[in-house]
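Dropping final11.txt in here (compact mmCIF, C-alpha atoms):
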```
# COMPACT_ATOMS: atom_id res chain seq x y z
CA MET A 5 90.05 95.46 110.74
CA ASP A 6 92.64 93.65 112.86
CA ARG A 7 92.68 93.14 116.59
CA LEU A 8 96.26 93.03 117.77
CA VAL A 9 95.28 91.88 121.29
CA PRO A 10 92.97 88.85 120.81
CA GLY A 11 90.67 87.34 123.39
CA PRO A 12 87.73 88.49 125.51
CA PHE A 13 89.78 90.57 127.96
CA HIS A 14 91.08 93.91 126.73
CA GLY A 15 91.06 97.43 128.06
CA HIS A 16 91.02 98.42 131.73
CA TRP A 17 87.42 97.59 132.70
CA TRP A 18 88.04 93.89 133.23
CA ARG A 19 90.79 94.66 135.73
CA ILE A 20 88.40 96.85 137.73
CA ILE A 21 85.81 94.08 137.67
CA ILE A 22 88.34 91.50 138.91
CA ILE A 23 89.41 93.81 141.72
CA LEU A 24 85.80 94.42 142.77
CA ILE A 25 85.17 90.67 142.80
CA LEU A 26 88.42 89.69 144.49
CA LEU A 27 88.25 92.12 147.41
CA PRO A 28 85.02 90.78 148.98
CA THR A 29 85.93 87.24 147.92
CA CYS A 30 89.28 87.46 149.68
CA ILE A 31 87.60 88.78 152.82
CA VAL A 32 85.09 85.93 152.79
CA LEU A 33 87.77 83.31 152.14
CA LEU A 34 90.01 84.76 154.85
CA LEU A 35 87.17 84.39 157.38
CA PHE A 36 85.71 81.04 156.33
CA VAL A 37 88.06 79.16 153.90
CA PRO A 38 91.57 80.59 154.35
CA GLU A 39 93.21 77.70 152.49
CA LEU A 40 91.69 78.93 149.20
CA LEU A 41 93.02 82.46 149.57
CA VAL A 42 96.50 81.74 148.17
CA PRO A 43 95.23 79.90 145.04
CA LEU A 44 92.83 82.79 144.35
CA ILE A 45 95.60 85.36 144.59
CA LEU A 46 97.77 83.22 142.30
CA LEU A 47 94.92 83.06 139.79
CA ALA A 48 94.64 86.85 139.78
CA LEU A 49 98.38 87.17 139.25
CA VAL A 50 98.24 84.72 136.35
CA LEU A 51 95.46 86.75 134.70
CA LEU A 52 97.45 89.96 135.08
CA LEU A 53 100.61 88.32 133.70
CA TRP A 54 98.58 86.87 130.82
CA GLU A 55 97.39 90.34 129.88
CA ARG A 56 100.94 91.69 130.09
CA VAL A 57 102.27 88.92 127.81
CA ARG A 58 99.50 89.54 125.26
CA ILE A 59 100.24 93.27 125.20
CA ILE A 60 103.95 92.61 124.67
CA TYR A 61 103.08 90.20 121.85
CA ALA A 62 100.78 92.80 120.31
CA MET A 63 103.51 95.46 120.47
CA HIS A 64 105.94 93.15 118.66
CA ASN A 65 103.28 92.38 116.05
CA LEU A 66 102.57 96.07 115.53
CA ALA A 67 106.28 96.89 115.24
CA ALA A 68 106.74 94.07 112.69
CA ARG A 69 103.86 95.38 110.56
CA ILE A 70 105.21 98.90 110.52
CA ALA A 71 108.76 97.69 109.74
CA ALA A 72 107.42 95.53 106.87
CA GLY A 73 105.57 98.49 105.34
CA ASN A 74 102.14 96.86 105.74
CA TYR A 75 100.05 100.02 105.77
CA ASN A 76 96.83 98.63 104.24
CA THR A 77 95.33 97.33 107.48
CA LYS A 78 93.34 99.09 110.15
CA ILE A 79 93.75 98.20 113.82
CA GLU A 80 90.69 97.81 116.01
CA VAL A 81 90.57 100.62 118.55
CA GLN A 82 89.99 99.23 122.04
CA GLU A 83 89.67 100.88 125.46
CA GLY A 84 92.27 102.37 127.69
CA ALA A 85 95.82 103.41 126.94
CA TRP A 86 96.25 100.60 124.39
CA GLY A 87 93.21 101.85 122.52
CA ALA A 88 94.65 105.36 122.41
CA LEU A 89 97.85 103.92 120.97
CA CYS A 90 95.89 101.96 118.33
CA HIS A 91 94.00 105.11 117.36
CA ALA A 92 97.27 107.04 116.98
CA VAL A 93 98.77 104.21 114.90
CA ASN A 94 95.68 104.13 112.64
CA THR A 95 96.12 107.86 112.05
CA LEU A 96 99.78 107.36 111.11
CA LEU A 97 98.92 104.44 108.82
CA GLN A 98 96.30 106.54 107.05
CA GLN A 99 98.80 109.36 106.58
CA GLN A 100 101.35 106.88 105.23
CA ARG A 101 98.80 105.42 102.77
CA LEU A 102 97.99 108.93 101.58
CA HIS A 103 101.71 109.71 101.26
CA GLN A 104 102.33 106.55 99.21
CA HIS A 105 99.41 107.35 96.90
CA THR A 106 100.55 110.94 96.48
CA GLU A 107 104.14 109.83 95.90
CA SER A 108 103.01 107.50 93.09
CA LEU A 109 101.63 110.56 91.29
CA HIS A 110 104.91 112.50 91.58
CA PRO A 111 107.84 112.32 89.17
CA PHE A 112 110.30 109.50 89.81
CA LEU A 113 113.43 110.15 91.87
CA PRO A 114 116.23 107.52 92.01
CA ASP A 115 116.91 105.92 95.40
CA GLU A 116 120.55 107.03 95.37
CA ALA A 117 119.50 110.60 94.64
CA SER A 118 116.86 110.52 97.38
CA ALA A 119 119.43 109.33 99.91
CA ARG A 120 121.89 112.00 98.76
CA LEU A 121 119.33 114.79 99.02
CA LEU A 122 117.98 113.65 102.38
CA GLY A 123 118.97 116.17 105.01
CA THR A 124 120.68 118.39 102.42
CA THR A 125 119.80 122.07 102.18
CA LEU A 126 120.37 123.28 98.63
CA PRO A 127 121.35 126.92 98.02
CA ALA A 128 118.46 129.18 97.07
CA ASP A 129 120.30 130.24 93.92
CA GLY A 130 120.85 126.62 92.84
CA THR A 131 123.83 124.31 92.52
CA PRO A 132 125.98 124.41 89.34
CA ARG A 133 126.02 121.12 87.45
CA MET A 134 127.58 119.88 84.22
CA LEU A 135 124.54 118.17 82.70
CA THR A 136 123.76 115.91 79.80
CA ILE A 137 120.13 116.16 78.76
CA LEU A 138 118.45 113.39 76.76
CA VAL A 139 114.94 114.19 75.50
CA VAL A 140 112.72 111.37 74.24
CA GLY A 141 109.76 111.97 71.94
CA TYR A 142 107.74 109.86 69.55
CA THR A 143 105.98 110.26 66.23
CA ARG A 144 102.73 108.58 65.28
CA THR A 145 101.73 107.04 61.99
CA PRO A 146 98.21 107.20 60.55
CA GLY A 147 95.78 104.43 61.39
CA PRO A 148 92.44 103.75 63.11
CA GLN A 149 92.30 106.19 65.99
CA SER A 150 91.28 103.59 68.59
CA ASP A 151 94.00 101.17 67.49
CA VAL A 152 96.64 103.90 67.46
CA ALA A 153 95.66 105.11 70.93
CA ARG A 154 95.63 101.60 72.36
CA SER A 155 98.95 100.54 70.85
CA HIS A 156 100.65 103.79 71.84
CA LEU A 157 99.35 103.58 75.38
CA GLN A 158 100.65 100.04 75.78
CA ALA A 159 104.00 100.93 74.22
CA LEU A 160 104.32 104.09 76.32
CA HIS A 161 103.60 102.09 79.46
CA ARG A 162 106.44 99.68 78.71
CA LEU A 163 108.66 102.55 77.63
CA SER A 164 108.00 104.40 80.90
CA ILE A 165 109.05 101.35 82.88
CA ALA A 166 112.28 101.13 80.86
CA ILE A 167 112.95 104.86 81.31
CA GLN A 168 112.43 104.59 85.07
CA GLN A 169 114.83 101.66 85.23
CA GLN A 170 117.47 103.57 83.27
CA ALA A 171 117.02 106.65 85.45
CA GLU A 172 117.56 104.47 88.52
CA ARG A 173 120.59 102.77 86.96
CA HIS A 174 122.32 106.00 85.92
CA ASN A 175 121.05 108.17 88.80
CA ALA A 176 119.33 110.55 86.39
CA LEU A 177 116.57 113.05 87.03
CA LEU A 178 113.37 112.16 85.19
CA GLU A 179 110.85 114.81 84.10
CA ARG A 180 107.99 115.07 81.64
CA CYS A 181 107.65 118.07 79.32
CA GLY A 182 104.31 117.79 77.54
CA ASP A 183 104.59 114.82 75.17
CA LEU A 184 108.35 114.67 75.75
CA ILE A 185 110.31 112.87 78.44
CA LEU A 186 113.51 114.43 79.75
CA LEU A 187 116.37 112.69 81.52
CA ALA A 188 119.06 114.81 83.15
CA PHE A 189 122.33 112.94 83.75
CA GLY A 190 124.63 114.43 86.37
CA ALA A 191 121.83 116.32 88.11
CA PHE A 192 122.63 115.06 91.61
CA ASP A 193 126.42 115.13 91.81
CA GLU A 194 129.56 116.20 90.00
CA THR A 195 130.01 113.72 87.16
CA PRO A 196 132.45 113.92 84.22
CA ARG A 197 130.77 114.87 80.96
CA THR A 198 132.14 111.81 79.20
CA LYS A 199 130.41 109.55 81.74
CA THR A 200 127.04 111.31 81.49
CA LEU A 201 127.21 111.25 77.67
CA ARG A 202 127.94 107.51 77.71
CA SER A 203 125.04 106.98 80.09
CA ALA A 204 122.74 108.95 77.80
CA LEU A 205 123.76 106.93 74.73
CA GLN A 206 123.35 103.64 76.58
CA THR A 207 119.90 104.74 77.73
CA MET A 208 118.94 105.70 74.18
CA GLN A 209 119.84 102.25 72.89
CA VAL A 210 117.87 100.47 75.63
CA LEU A 211 114.82 102.62 74.93
CA ARG A 212 115.05 102.04 71.18
CA GLN A 213 115.20 98.29 71.73
CA THR A 214 112.25 98.42 74.13
CA TRP A 215 110.16 100.46 71.72
CA ASP A 216 111.04 98.40 68.65
CA SER A 217 110.36 95.10 70.43
CA ASN A 218 106.77 96.22 71.12
CA SER A 219 106.23 97.06 67.41
CA PRO A 220 104.06 100.16 67.98
CA ARG A 221 103.01 102.55 65.27
CA GLY A 222 105.46 105.42 64.98
CA ALA A 223 109.06 105.85 66.12
CA LEU A 224 111.03 107.35 68.96
CA THR A 225 112.99 110.56 68.50
CA PHE A 226 116.01 111.50 70.58
CA SER A 227 117.79 114.79 71.12
CA LEU A 228 120.90 115.38 73.20
CA ALA A 229 122.60 118.44 74.65
CA SER A 230 125.28 119.02 77.24
CA GLY A 231 126.55 121.98 79.19
CA ASP A 232 126.47 124.01 82.38
CA ALA A 233 123.15 124.27 84.21
CA LEU A 234 121.66 124.74 87.67
CA ALA A 235 120.03 122.15 89.91
CA VAL A 236 117.48 123.87 92.11
CA VAL A 237 114.42 123.19 94.25
CA LEU A 238 111.45 125.31 93.14
CA PRO A 239 108.23 125.67 95.17
CA GLY A 240 105.57 123.36 93.79
CA LEU A 241 107.96 121.84 91.24
CA GLY A 242 110.49 120.19 93.52
CA TYR A 243 114.00 119.28 92.42
CA THR A 244 114.61 120.31 88.82
CA VAL A 245 117.28 121.58 86.44
CA ILE A 246 117.36 124.76 84.40
CA GLY A 247 119.83 126.09 81.86
CA SER A 248 120.90 126.12 78.24
CA PRO A 249 121.35 122.33 77.75
CA VAL A 250 117.69 121.81 78.73
CA ALA A 251 116.53 124.44 76.25
CA HIS A 252 118.81 123.14 73.47
CA ALA A 253 117.70 119.52 73.85
CA LEU A 254 114.06 120.60 73.70
CA GLN A 255 114.74 122.82 70.67
CA LEU A 256 116.26 119.85 68.84
CA GLN A 257 113.14 117.71 69.18
CA PRO A 258 111.12 119.33 66.34
CA LEU A 259 114.12 118.79 64.05
CA ALA A 260 114.42 115.17 65.17
CA MET A 261 110.75 114.54 64.39
CA THR A 262 111.12 115.87 60.87
CA HIS A 263 114.34 113.95 60.14
CA PRO A 264 113.65 110.25 60.81
CA GLU A 265 116.86 109.31 58.98
CA TYR A 266 118.72 110.24 62.18
CA ALA A 267 118.61 108.15 65.35
CA LEU A 268 119.75 111.07 67.47
CA LEU A 269 120.38 114.80 67.08
CA CYS A 270 122.83 116.53 69.37
CA SER A 271 124.10 120.02 69.97
CA GLU A 272 127.53 121.15 68.84
CA GLU A 273 128.82 121.38 72.41
CA ALA A 274 127.86 117.75 73.08
CA TYR A 275 129.32 116.68 69.75
CA MET A 276 132.75 118.14 70.62
CA THR A 277 133.01 115.56 73.41
CA LEU A 278 131.24 112.74 71.59
CA ARG A 279 133.62 112.84 68.63
CA ARG A 280 136.50 112.09 70.99
CA LEU A 281 134.64 108.97 72.09
CA ASP A 282 133.82 107.84 68.56
CA SER A 283 134.30 110.06 65.52
CA THR A 284 133.23 107.54 62.88
CA ASN A 285 129.47 107.47 63.44
CA TRP A 286 128.67 111.16 63.77
CA LEU A 287 127.50 113.33 60.89
CA SER A 288 127.11 117.04 60.36
CA THR A 289 123.46 117.55 59.36
CA GLY A 290 123.82 121.06 57.96
CA LEU A 291 121.02 122.13 60.30
CA ARG A 292 121.49 125.10 62.60
CA LEU A 293 120.25 125.68 66.13
CA PRO A 294 119.61 129.34 67.05
CA TYR A 295 121.25 130.53 70.26
CA PRO A 296 120.33 133.77 72.07
CA ASP A 297 122.98 136.44 71.54
CA GLN A 298 125.22 133.94 69.71
CA PRO A 299 125.66 132.73 66.15
CA PRO A 300 123.61 129.63 65.27
CA GLN A 301 125.37 126.40 66.22
CA GLY A 302 125.68 123.28 64.11
CA VAL A 303 123.53 120.21 64.70
CA TYR A 304 125.11 116.77 64.54
CA ALA A 305 123.49 113.38 64.23
CA LEU A 306 123.84 109.69 64.75
CA PRO A 307 122.47 107.85 61.68
CA ALA A 308 119.48 105.58 62.21
CA ASP A 309 121.47 102.60 60.93
CA ALA A 310 124.53 103.25 63.14
CA PRO A 311 125.80 100.20 65.09
CA GLY A 312 125.38 100.01 68.85
CA LEU A 313 127.62 102.28 70.87
CA TYR A 314 129.01 102.17 74.39
CA THR A 315 126.94 99.21 75.59
```
Take the structure from the file and write it as structure tokens.
Amino acid sequence: MDRLVPGPFHGHWWRIIIILILLPTCIVLLLFVPELLVPLILLALVLLLWERVRIIYAMHNLAARIAAGNYNTKIEVQEGAWGALCHAVNTLLQQQRLHQHTESLHPFLPDEASARLLGTTLPADGTPRMLTILVVGYTRTPGPQSDVARSHLQALHRLSIAIQQQAERHNALLERCGDLILLAFGAFDETPRTKTLRSALQTMQVLRQTWDSNSPRGALTFSLASGDALAVVLPGLGYTVIGSPVAHALQLQPLAMTHPEYALLCSEEAYMTLRRLDSTNWLSTGLRLPYPDQPPQGVYALPADAPGLYT
């Protein structure tokens, strides 16, 4: 617990005591030793100015702590108006600590996206977005259960850090869907599809390198889809995206897990744009993805041994 106003004098009681002492003392000095009256008054003024200077110093110290984000301290509550202020500040610091802890448990939101959404009221029926959805999964290989769990946990921890960094870099929405991790590129603003697809492919390569460098058991699986969707704020869920590209990318994951010869599976709609970026690396898998009220669409793939793209 910190005392922002150090020293033996704090609160308002010491001022009352000084006044009660000075009044009779001044009367006595005025009657018997008048030459000491002026020094005594000056001493009282110095004490009052000293208190004022210490309070100003304490206010600057308190403002510096709040500006620096130092919320892990508790201020000693003293008497008087300053004590009431310290109590109020302690309450705010506790609320801020609780907010920080709660925020660490929430999904990640990029700083640029947070600034963009601040003070923005989104329509209740959502905002149309052209999205690129990259879903990341992983497969496990047999081994001692404790070793597998430990190695996967360590690898997933490093992978999560890399995913968060990529989401921040590309201003992507990050969500978890069971054992899968979803990144939505273009969720916060109008972005050309070619740019979001490039961002998704760059992110895939960084994540593959991060995973492979940790040498865990198993492998990452990637699925990609692109198309029109809605960005919306839902009660209890916060900012999220819904629409066909989300469903298609998730539907592709079971296929990706059963076809390790492919580094990435993508929907036909995404492929139509990707082939204009680079038509030499993409393959038609012969697989089909069922669409509601539409004929099944083709599934395309990037081979596992394909060279790096768009880095």
Counting all atoms listed in the file, the residue of A:Val139, A:Ala176, A:Val93, A:Val42 that sits nearest Phe189 of chain A: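 Nearest to Phe189 of chain A: A:Ala176.
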Atom pair atom CA of Ser271 of chain A / atom CA of Pro249 of chain A: separation (Å): 8.6 Å
Neighbours of point (124.3, 115.5, 59.8) within 12 Å, using all atoms listed in the file, written as a count of residues only: 28
Pick from A:Val245, A:Ile137, A:Ala253, A:Met276, whichever lies nearest to Ala204 of chain A using only C-alpha atoms: A:Ile137
Separation of atom CA of Val237 of chain A from atom CA of Gln257 of chain A, in Å and rounded to one decimal: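 So the answer is 25.7 Å.
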Using all atoms listed in the file: which of A:Ser230, A:Leu51, A:Leu187, A:Leu102 has the shortest distance to Ser248 of chain A: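 Checking each of A:Ser230, A:Leu51, A:Leu187, A:Leu102 against Ser248 of chain A, counting all atoms listed in the file, the winner is A:Ser230.
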A:Leu96, A:Leu238, A:Val57, A:Ile165 ranked by distance to Ile70 of chain A, top pick (using all atoms listed in the file):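 So, comparing all the options, the nearest one is A:Leu96.
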Nearest to Ser164 of chain A by atom-to-atom distance, counting all atoms listed in the file, from A:Ser203, A:Thr198, A:Leu177, A:Trp215: A:Trp215
Computed interatomic separation between atom CA of Glu55 of chain A and atom CA of Pro38 of chain A (Å):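 About the pair atom CA of Glu55 of chain A and atom CA of Pro38 of chain A: they are 27.0 Å apart.
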Top pick for closest residue to Met63 of chain A, considering A:Met134, A:Leu89, A:Ala223, A:Leu293 and counting all atoms listed in the file: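 That would be A:Leu89, the residue with the smallest distance to Met63 of chain A.
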Ala233 of chain A surroundings by only C-alpha atoms, 12 Å radius, close-in-sequence under 5 positions cut, as a list in words: Asp129, Gly130, Thr131, Pro132, Arg133, Met134, Leu135, Thr136, Ile137, Ala188, Phe189, Gly190, Ala191, Phe192, Glu194, Thr244, Val245, Ile246, Gly247, Ser248, Pro249, Val250, Ala251 and His252 of chain A
Residues within 10 Å of Arg212 of chain A, all atoms listed in the file, excluding chain neighbours under 5 positions, as a list in words: Leu163, Thr207, Ser217, Ala223, Leu224, Thr225, Phe226 and Ala267 of chain A
Coords for segment 230-254 of chain A, C-alpha atoms, as a JSON list (two decimals), in the first residue's frame:
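What landed in selection.json:
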```
[["chain", "number", "residue", "atom", "x", "y", "z"],
["A", 230, "SER", "CA", -13.89, -15.90, -49.72],
["A", 231, "GLY", "CA", -17.15, -14.12, -50.38],
["A", 232, "ASP", "CA", -19.83, -11.76, -49.13],
["A", 233, "ALA", "CA", -20.64, -11.83, -45.42],
["A", 234, "LEU", "CA", -21.94, -9.66, -42.59],
["A", 235, "ALA", "CA", -19.99, -8.07, -39.75],
["A", 236, "VAL", "CA", -22.27, -7.70, -36.76],
["A", 237, "VAL", "CA", -22.22, -7.22, -33.00],
["A", 238, "LEU", "CA", -24.18, -9.96, -31.22],
["A", 239, "PRO", "CA", -25.14, -9.82, -27.52],
["A", 240, "GLY", "CA", -22.70, -11.89, -25.49],
["A", 241, "LEU", "CA", -20.55, -12.67, -28.53],
["A", 242, "GLY", "CA", -19.32, -9.21, -29.46],
["A", 243, "TYR", "CA", -18.03, -8.32, -32.90],
["A", 244, "THR", "CA", -18.21, -11.30, -35.24],
["A", 245, "VAL", "CA", -18.79, -12.27, -38.86],
["A", 246, "ILE", "CA", -21.44, -14.54, -40.34],
["A", 247, "GLY", "CA", -22.06, -15.76, -43.86],
["A", 248, "SER", "CA", -21.23, -18.36, -46.48],
["A", 249, "PRO", "CA", -17.42, -17.92, -46.54],
["A", 250, "VAL", "CA", -17.30, -18.75, -42.81],
["A", 251, "ALA", "CA", -19.36, -21.89, -43.32],
["A", 252, "HIS", "CA", -17.38, -22.95, -46.40],
["A", 253, "ALA", "CA", -13.99, -22.54, -44.73],
["A", 254, "LEU", "CA", -15.17, -24.61, -41.77]]
```
